[in-house]
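Here's the structure we're looking at; comments come further down.
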Amino acid sequence: MHKKTVYLLLLLMFASSARGSDFATEVVYGPNMTTGPFEGAPYYDDPCSVLGKPTTEIRNLYFDTFSCSLVYPACYTDANGNKLVTTLGNGAAIVVKFDHAVADDPCNPYGIDFIVFGNSFFENGGFLEPGTNMEDYLLTNPTFVYEEPVIVSVSPDGNDWYEYSTWPYADTAFPTNAYAWDRENDCWGAELDWTRPVDPNLPVSDFDGLSAADAIELYDGSAGGTGFDLAESGFEWIRYVKVQSDYAGEIDGFADVAGCGDYQHPYPAGDINADCRVDHEDLEFLCRHWLAEINDLNDPAVIADIYEDDIVNFYDWALVADTWGQCSWECE
């Protein structure tokens with residue numbers, strides 16, 4: 001195995017182990033941190049329901065199993081009786097913690113850094129069953145029914161907070177949708193990406209009159225939720241997220257947006273210094289080690305040998321030039 005390949009494998013293994021879960025892993029209790037009342041007992045009164053991956057399957061009161069979708073939101077329990085969402089009573093708040101730093105990364109999709117999932121849904125027409133064809137099921141109104149804005153705040157340490165006091169709010173746009181719709185077989189298909197946000201610039205009016213299947217395609221692979229950009233907060237990274245509501249809003253989960261260099265989104269080919277973008281810093285590093293021969297895995301020049309021919313030369317420069325300006329996602 002080539003020395004550069006070994007180096008990159010070690011780097012990816014470290015990054016994977018350090019990143020932890022994509023979802024919030026802990027509810028933080030303490031003064032002014034987590035307070036009641038949580039409403040809707042017995043289904044919606046447990047703040048720990050917001051941890052882990054958001055809802056995929058729902059078992060309703062009639063023991064029907066539905067896929068969580070933009071027309072059938074998270075409610076009741078899963079097939080095993082586990083509670084799925086928490087209702088925030090007037091004045092209630094929940095503080096959750098990620099097991100890793102959620103970074104402000106402009107190369108995340110649309111600049112969004114984390115997503116909060118509620119149980120809003122699109123107004124629709126007709127009777128819905130587990131086997132309803134989403135190509136025939138129409139959205140009848142471009143607004144959300146029972147939209148219950150939830151205020152979101154963030155903190156790196158649990159002490160200093162920034163509140164998104166005007167917009168966006170959780171439990172609004174965009175309703176959770178766990179699976180793609182398989183048009184060929186008229187059934188639910190592959191699970192969508194919980195770590196990819198919907199384009200925040202997508203007008204809600206674009207959904208008016210669409211079939212549910214068409215609306216799902218507008219999500220472009222995302223499982224929905226409300227996206228938040230940490231740039232607004234001024235924090236370079238956070239680990240704590242607080243949610244509170246005066247409208248009895250519901251919360252289903254929290255996700256860290258997938259960033260470059262993780263298992264889903266590799267670094268651009270010319271990204272020598274692994275900062276998710278190909279720019280002057282990569283070119284400077286290349287020039288600093290120009291014509292260096294790689295004889296030792298510990299040689300700092302090894303990462304400049306992106307062509308992997310044991311010398312830093314024109315071939316490496318060509319890879320930088322070919323990917324110049326690229327990011328793992330489009331930078332905004």
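A note on labels: chains of the structure tokens are A, B, ... as shown, every chain counts residues from 1, and ligands are counted from 1 in their shown order.
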
(request) Using DSSP on the backbone coordinates, identify all residues within stretch 130-305 of chain A classified as alpha helix (DSSP H); present the result as a list of chain:residue names. (result)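 Output for stretch 130-305 of chain A, alpha helix (DSSP H) only: A:Ala212, A:Ala213, A:Asp214, A:Ala215, A:Ile216, A:Glu217, A:Leu218, A:His280, A:Glu281, A:Asp282, A:Leu283, A:Glu284, A:Phe285, A:Leu286, A:Cys287, A:Arg288.
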
Go ahead and write the residues just picked, C-alpha atoms, as a compact mmCIF listing (two decimals), in the first residue's frame.
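This went into again_33.txt:
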```
# COMPACT_ATOMS: atom_id res chain seq x y z
CA ALA A 212 -46.03 14.39 -1.89
CA ALA A 213 -43.61 12.47 -4.14
CA ASP A 214 -42.71 15.66 -6.05
CA ALA A 215 -42.28 17.55 -2.78
CA ILE A 216 -39.89 14.91 -1.46
CA GLU A 217 -37.73 15.35 -4.56
CA LEU A 218 -37.42 19.08 -3.80
CA HIS A 280 -3.65 29.47 -2.00
CA GLU A 281 -2.72 27.61 1.21
CA ASP A 282 -2.52 24.34 -0.72
CA LEU A 283 -0.46 25.98 -3.45
CA GLU A 284 1.93 27.50 -0.89
CA PHE A 285 2.41 24.11 0.78
CA LEU A 286 3.07 22.53 -2.62
CA CYS A 287 5.67 25.17 -3.48
CA ARG A 288 7.36 24.81 -0.10
```

(request) Name the residues of stretch 66-260 of chain A that fall into strand (DSSP E) according to DSSP on the backbone, using the chain letters and numbers of this document, as a PyMOL selection string. (result) chain A and resi 66-67+86-88+93-103+114-117+121-124+139-145+151-155+162-164+179-182+187-191+226-228+237-244+250-251+253-256

Expected file contents, prior selection, C-alpha atoms, as a CSV table (one decimal), in the first residue's frame:
```csv
chain,number,residue,atom,x,y,z
A,66,PHE,CA,-46.5,4.7,8.9
A,67,SER,CA,-43.3,6.0,7.5
A,86,THR,CA,-41.4,15.8,23.2
A,87,THR,CA,-44.0,18.6,23.5
A,88,LEU,CA,-42.6,21.7,25.1
A,93,ALA,CA,-36.9,24.1,27.7
A,94,ILE,CA,-34.6,21.2,26.8
A,95,VAL,CA,-30.8,21.4,26.6
A,96,VAL,CA,-29.0,18.7,24.6
A,97,LYS,CA,-25.4,18.0,24.1
A,98,PHE,CA,-23.4,16.6,21.2
A,99,ASP,CA,-20.5,14.2,22.0
A,100,HIS,CA,-18.3,16.3,19.7
A,101,ALA,CA,-17.8,19.9,18.6
A,102,VAL,CA,-20.3,21.0,15.9
A,103,ALA,CA,-18.3,23.4,13.8
A,114,PHE,CA,-26.9,21.8,12.4
A,115,ILE,CA,-30.5,20.7,12.0
A,116,VAL,CA,-33.4,20.6,14.4
A,117,PHE,CA,-36.3,18.3,13.7
A,121,PHE,CA,-46.3,18.8,8.2
A,122,PHE,CA,-47.7,20.0,5.0
A,123,GLU,CA,-51.5,20.4,4.7
A,124,ASN,CA,-52.8,17.7,2.4
A,139,LEU,CA,-50.4,19.1,-1.0
A,140,THR,CA,-53.2,21.6,-0.8
A,141,ASN,CA,-51.6,24.6,0.9
A,142,PRO,CA,-48.1,26.0,0.9
A,143,THR,CA,-48.2,26.7,4.6
A,144,PHE,CA,-47.7,24.3,7.5
A,145,VAL,CA,-50.6,23.1,9.6
A,151,ILE,CA,-36.8,29.1,19.7
A,152,VAL,CA,-33.3,27.6,19.4
A,153,SER,CA,-30.2,28.7,21.3
A,154,VAL,CA,-26.6,27.5,21.1
A,155,SER,CA,-23.5,27.4,23.3
A,162,TYR,CA,-26.7,32.8,21.5
A,163,GLU,CA,-30.4,32.8,20.8
A,164,TYR,CA,-31.9,32.7,17.2
A,179,TYR,CA,-37.5,8.0,3.1
A,180,ALA,CA,-37.4,8.7,-0.6
A,181,TRP,CA,-40.4,7.7,-2.7
A,182,ASP,CA,-39.8,4.8,-5.1
A,187,CYS,CA,-43.5,2.4,-2.2
A,188,TRP,CA,-41.1,4.0,0.3
A,189,GLY,CA,-37.5,3.6,-0.8
A,190,ALA,CA,-34.0,4.4,0.6
A,191,GLU,CA,-33.6,6.3,3.8
A,226,THR,CA,-34.8,23.3,10.1
A,227,GLY,CA,-31.2,24.3,9.4
A,228,PHE,CA,-29.1,26.7,11.5
A,237,TRP,CA,-18.2,25.7,17.4
A,238,ILE,CA,-20.8,24.6,19.8
A,239,ARG,CA,-21.8,21.4,21.8
A,240,TYR,CA,-25.1,22.5,23.4
A,241,VAL,CA,-28.4,23.3,21.9
A,242,LYS,CA,-31.4,24.7,23.8
A,243,VAL,CA,-35.0,24.6,22.6
A,244,GLN,CA,-38.0,26.4,24.2
A,250,GLU,CA,-42.6,19.5,19.4
A,251,ILE,CA,-39.0,18.4,19.0
A,253,GLY,CA,-34.2,15.3,17.2
A,254,PHE,CA,-30.9,17.2,16.4
A,255,ALA,CA,-28.3,16.5,13.8
A,256,ASP,CA,-24.8,17.8,13.0
```

(request) Would you kindly return, as number ranges by chain, each protein, DNA or RNA residue with an atom no farther than 6 Å from any atom of stretch 44-58 of chain A, considering only C-alpha atoms and excluding same-chain residues fewer than 2 positions away? (result) A: 23-25, 38-41, 65-68, 77-78, 83-87, 178, 252-253

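Comparing the minimum interatomic distances between A:Ala173 and each of A:Asp305, A:Asp193, A:Glu293, A:Asp199, counting only C-alpha atoms, we find that A:Asp199 sits nearest.
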
(message) Report as a VMD selection string all protein, DNA and RNA residues lying within 6 Å of A:Asp113, evaluated on only C-alpha atoms, omitting residues in the same chain fewer than 3 positions from it.
(response) chain A and resid 104 228 to 229 257

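Distance annotation: of A:Pro42, A:Pro109, A:Gly118, A:Gly36, the residue with the minimal separation from A:Gly81 is A:Pro42; atom set is only C-alpha atoms.
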